[in-house]
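Novice: Below: one structure in structure tokens.
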There are 2 protein chains.
Amino acid sequence: MPKVVDPEQRRRDIVDAVFRVVARGGIQQATLRNVAAEADLAIGSVRHYFASHRELLMAAAREMVRRVDVRVAAQRERRDPGDDLYLVAQEVAGQFLPLDAARADETAVWLDFIAAARTDPALGEIAAELHDGLRAVTGRLLHRLGVDDPVAAEHLAALLDGLALGATLHPDRLSPDTIRAVLHLHLTQLPGAADGSEHPEI
Amino acid sequence: MPKVVDPEQRRRDIVDAVFRVVARGGIQQATLRNVAAEADLAIGSVRHYFASHRELLMAAAREMVRRVDVRVAAQRERRDPGDDLYLVAQEVAGQFLPLDAARADETAVWLDFIAAARTDPALGEIAAELHDGLRAVTGRLLHRLGVDDPVAAEHLAALLDGLALGATLHPDRLSPDTIRAVLHLHLTQLPGAADGSEHPEI
DNA sequence: AAAATCGTAGCACGGTCGTGCTATAAAAGC
DNA sequence: GCTTTTATAGCACGACCGTGCTACGATTTT
């Protein structure tokens, strides 16, 4: 065998390069040449790990889903049964929102991928997973809050998508603080939930 | 002067062709060649009306904004002061949602354009107009419903964006009926508003 | 030492794109 | 009737793209 390089790590590096290129210039800029340059590799080297341009994009899309899953799972590990339900809800929802720079980049990539997914069946399947995952999370979250209406789960999922969309496209008009305020409003006017008046500042 | 053709009409026809191409295959498919073929014209003819590819896309984006404006304005004309506020709210919000096939196409085009707007400053300006317009509409609507909280306006605007996004990407999982149910839930749990219990079926 | 394997790199081809430029026919003005 | 203007059309160029293919060290295996 040749060099002492971990192929898995190389693949991750290349996918990271894809994310950076997409975040900077959109999915249209994610050409093999641009990605190779971003990863400091020759175009042939990239193709050694990903047989085609399409496969590279699919791997990136799957990695995007995986990262969200990991974040949600990690957040769940961090919880205690005694945690304040309102704060838990804020944190869970925050996993899907661009509340910091890193998440903003991820959300930008997300937007480009799901837009592309509309006209690409293979990407569409991945996007559907993402959508179902979000639905499941909002459903479980509302269940913990004493709300068992599937329409309410859809309601919250749509809100999170809309907030992510708005904050990604117009970060100057939809600041993290505003996002939190909207989230606060939503959570506190849930019918069955505590009214959250003990958290008036967030 | 030459032919008896109205240049304005030709421009509209070409922009319509752009919409059809984008709705079918995404904004990446909106090449001069594809648009010309869709409009049954030679590529040179399209370029006679639009100096560049970019100008064509900008014109299409502006036309998209104009159509939404026209729809909202038309809906406002159609109203009586005595109309049921809940129904008015449903109809206004419906102007932004893909509740029928025509609107579904428009929403699909919308999604592609705003995704492109993230990395294109000129498109970004147009997208910002759209966003501000939606914010203004939701603000006025909530004002009529007795709610004057700007956060609530942002809340409703984000919900509408999220619903449009979800329904466009996953029409099988977010049917028009479900959209209406979510909208109903949102409107009826507004703090200051009538509880809408007289419209349990919508 | 020889062979097989793998990471890296690059060339070259066919295809598509936007665009500069030119050509032609038809209608309007003189 | 001649010129001007406009709509339509097409060619050709350079740029960029994905990809098939080959080459060449480096490293492990035999």
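Lettering and numbering for the structure tokens are positional, with chains as A, B, ... in the shown order, residues counted from 1 in each chain, and ligands counted from 1 in the shown order.
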Compute the set of chain A residues within 6 Å of chain B, using only C-alpha atoms, and express it as a PyMOL selection string.
Specialist: chain A and resi 25+118-119+151+155+158-159+161-163+169+182
Novice: Restricted to C-alpha atoms, what would the selected residues look like written as a PDB file, in the first residue's frame?
Specialist:
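Below is the file out-v3.pdb, written as the result:
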```pdb
ATOM      1  CA  GLY A  25     -20.477  30.874  -3.800  1.00  0.00           C
ATOM      2  CA  ARG A 118     -36.423  20.072  -5.884  1.00  0.00           C
ATOM      3  CA  THR A 119     -35.263  19.100  -9.352  1.00  0.00           C
ATOM      4  CA  VAL A 151     -50.573  19.866  13.150  1.00  0.00           C
ATOM      5  CA  HIS A 155     -46.484  24.209  12.564  1.00  0.00           C
ATOM      6  CA  ALA A 158     -42.468  25.068   9.211  1.00  0.00           C
ATOM      7  CA  LEU A 159     -41.585  27.912  11.529  1.00  0.00           C
ATOM      8  CA  ASP A 161     -37.614  26.213   8.261  1.00  0.00           C
ATOM      9  CA  GLY A 162     -38.908  29.712   7.685  1.00  0.00           C
ATOM     10  CA  LEU A 163     -36.685  31.233  10.335  1.00  0.00           C
ATOM     11  CA  LEU A 169     -31.098  35.283   3.230  1.00  0.00           C
ATOM     12  CA  VAL A 182     -39.969  34.650  17.664  1.00  0.00           C
TER      13      VAL A 182
END
```
Novice: What residues in chain C lie within 8 Å of chain A, counting only C-alpha atoms (C1' of nucleotides), written as a ChimeraX atom specification?
Specialist: /C:5-10
Novice: Find the distance between CA of Tyr86 (chain A) and CA of Gly146 (chain B) and write it in Å to one decimal.
Specialist: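 Distance reported for this atom pair: 26.9 Å.
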Novice: Could you list, as a ChimeraX atom specification, every residue of chain D that has an atom within 6 Å of an atom of chain A, counting only C-alpha atoms (C1' of nucleotides)?
Specialist: /D:26-28
Novice: Write the residues you've just listed into a file as a PDB file, in the first residue's frame, and include N, CA and C atoms (P, O5', C5', C4', C3', O3' and C1' of nucleotides) for each of them.
Specialist:
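Written out: out.pdb:
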```pdb
ATOM      1  P    DA D  26       9.385   9.109  -4.462  1.00  0.00           P
ATOM      2  O5'  DA D  26       8.382   8.310  -3.512  1.00  0.00           O
ATOM      3  C5'  DA D  26       7.135   8.899  -3.180  1.00  0.00           C
ATOM      4  C4'  DA D  26       6.272   7.878  -2.478  1.00  0.00           C
ATOM      5  C3'  DA D  26       7.024   6.997  -1.488  1.00  0.00           C
ATOM      6  O3'  DA D  26       6.301   6.975  -0.280  1.00  0.00           O
ATOM      7  C1'  DA D  26       5.773   5.668  -2.986  1.00  0.00           C
ATOM      8  P    DT D  27       7.009   6.417   1.045  1.00  0.00           P
ATOM      9  O5'  DT D  27       6.259   5.033   1.238  1.00  0.00           O
ATOM     10  C5'  DT D  27       4.833   5.010   1.194  1.00  0.00           C
ATOM     11  C4'  DT D  27       4.344   3.586   1.048  1.00  0.00           C
ATOM     12  C3'  DT D  27       5.066   2.545   1.926  1.00  0.00           C
ATOM     13  O3'  DT D  27       4.101   1.885   2.727  1.00  0.00           O
ATOM     14  C1'  DT D  27       4.810   1.755  -0.279  1.00  0.00           C
ATOM     15  P    DT D  28       4.579   1.121   4.060  1.00  0.00           P
ATOM     16  O5'  DT D  28       3.961  -0.331   3.794  1.00  0.00           O
ATOM     17  C5'  DT D  28       2.575  -0.451   3.480  1.00  0.00           C
ATOM     18  C4'  DT D  28       2.346  -1.645   2.572  1.00  0.00           C
ATOM     19  C3'  DT D  28       2.731  -3.011   3.186  1.00  0.00           C
ATOM     20  O3'  DT D  28       1.603  -3.851   3.184  1.00  0.00           O
ATOM     21  C1'  DT D  28       3.539  -2.795   0.974  1.00  0.00           C
TER      22       DT D  28
END
```
Novice: As a PyMOL selection string, which residues of region 104-198 of chain A does DSSP assign to helix (DSSP H, G or I)?
Specialist: chain A and resi 104-117+121-144+150-169+176-188
Novice: Excluding same-chain residues fewer than 2 positions from region 91-103 of chain B, what lies within 7 Å of it counting only C-alpha atoms (C1' of nucleotides), as a list in words?
Specialist: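 Once the nearby chain positions are removed, what remains is Arg71, Val72, Leu87, Val88, Ala89, Asp105, Glu106, Thr107, Leu160, Ala164, Ala167 and Pro176 of chain B.
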Novice: For Leu57 (chain A), list every protein, DNA or RNA residue within 9 Å, evaluated using only C-alpha atoms (C1' of nucleotides), and leave out those in the same chain fewer than 4 positions away; present the list as a VMD selection string.
Specialist: chain A and resid 15 18 30 52 to 53 61 to 62 123
Novice: Can you write just those residues out, N, CA and C atoms, as a PDB file, in the first residue's frame?
Specialist:
```pdb
ATOM      1  N   VAL A  15     -15.003  16.773   1.438  1.00  0.00           N
ATOM      2  CA  VAL A  15     -16.380  17.199   1.675  1.00  0.00           C
ATOM      3  C   VAL A  15     -16.420  18.544   2.395  1.00  0.00           C
ATOM      4  N   VAL A  18     -16.018  21.091  -0.093  1.00  0.00           N
ATOM      5  CA  VAL A  18     -17.286  21.318  -0.790  1.00  0.00           C
ATOM      6  C   VAL A  18     -18.147  22.294  -0.001  1.00  0.00           C
ATOM      7  N   ALA A  30     -19.632  24.620  -6.890  1.00  0.00           N
ATOM      8  CA  ALA A  30     -19.030  23.390  -6.380  1.00  0.00           C
ATOM      9  C   ALA A  30     -18.617  22.486  -7.536  1.00  0.00           C
ATOM     10  N   SER A  52     -17.356  10.402  -9.306  1.00  0.00           N
ATOM     11  CA  SER A  52     -17.961  11.388 -10.204  1.00  0.00           C
ATOM     12  C   SER A  52     -18.345  12.630  -9.411  1.00  0.00           C
ATOM     13  N   HIS A  53     -18.602  13.662 -10.129  1.00  0.00           N
ATOM     14  CA  HIS A  53     -19.034  14.906  -9.515  1.00  0.00           C
ATOM     15  C   HIS A  53     -20.325  14.702  -8.725  1.00  0.00           C
ATOM     16  N   ALA A  61     -24.138  15.998   0.655  1.00  0.00           N
ATOM     17  CA  ALA A  61     -25.511  16.126   1.139  1.00  0.00           C
ATOM     18  C   ALA A  61     -25.753  15.188   2.315  1.00  0.00           C
ATOM     19  N   ARG A  62     -25.271  13.961   2.188  1.00  0.00           N
ATOM     20  CA  ARG A  62     -25.463  13.004   3.277  1.00  0.00           C
ATOM     21  C   ARG A  62     -24.719  13.445   4.529  1.00  0.00           C
ATOM     22  N   LEU A 123     -31.104  13.840  -4.666  1.00  0.00           N
ATOM     23  CA  LEU A 123     -31.005  14.827  -3.598  1.00  0.00           C
ATOM     24  C   LEU A 123     -32.350  14.972  -2.894  1.00  0.00           C
TER      25      LEU A 123
END
```
Novice: Within 12 Å of DT22 (chain C), counting only C-alpha atoms (C1' of nucleotides), which residues qualify if same-chain residues fewer than 6 places away don't, as a ChimeraX atom specification?
Specialist: /B:44 /D:9-12
Novice: Pick the closest to DT6 (chain D) from C:DC13, C:DA28, C:DA23, C:DA3: which is it, counting only C-alpha atoms (C1' of nucleotides)?
Specialist: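 Looking at the shortest contact to DT6 (chain D), the residue is C:DA28.
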Novice: Looking at D:DA7, D:DC17, D:DC2, D:DC24, which one is nearest to DT16 (chain C), with distances taken over only C-alpha atoms (C1' of nucleotides)?
Specialist: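 When distances to DT16 (chain C) are compared using only C-alpha atoms (C1' of nucleotides), the smallest one comes from D:DC17.
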Novice: Go through A:Thr188, A:Arg66, A:Arg144, A:Asn34 and flag the residue nearest Asp83 (chain A), using only C-alpha atoms for the distances.
Specialist: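 Closest to Asp83 (chain A) of all the choices is A:Arg144.
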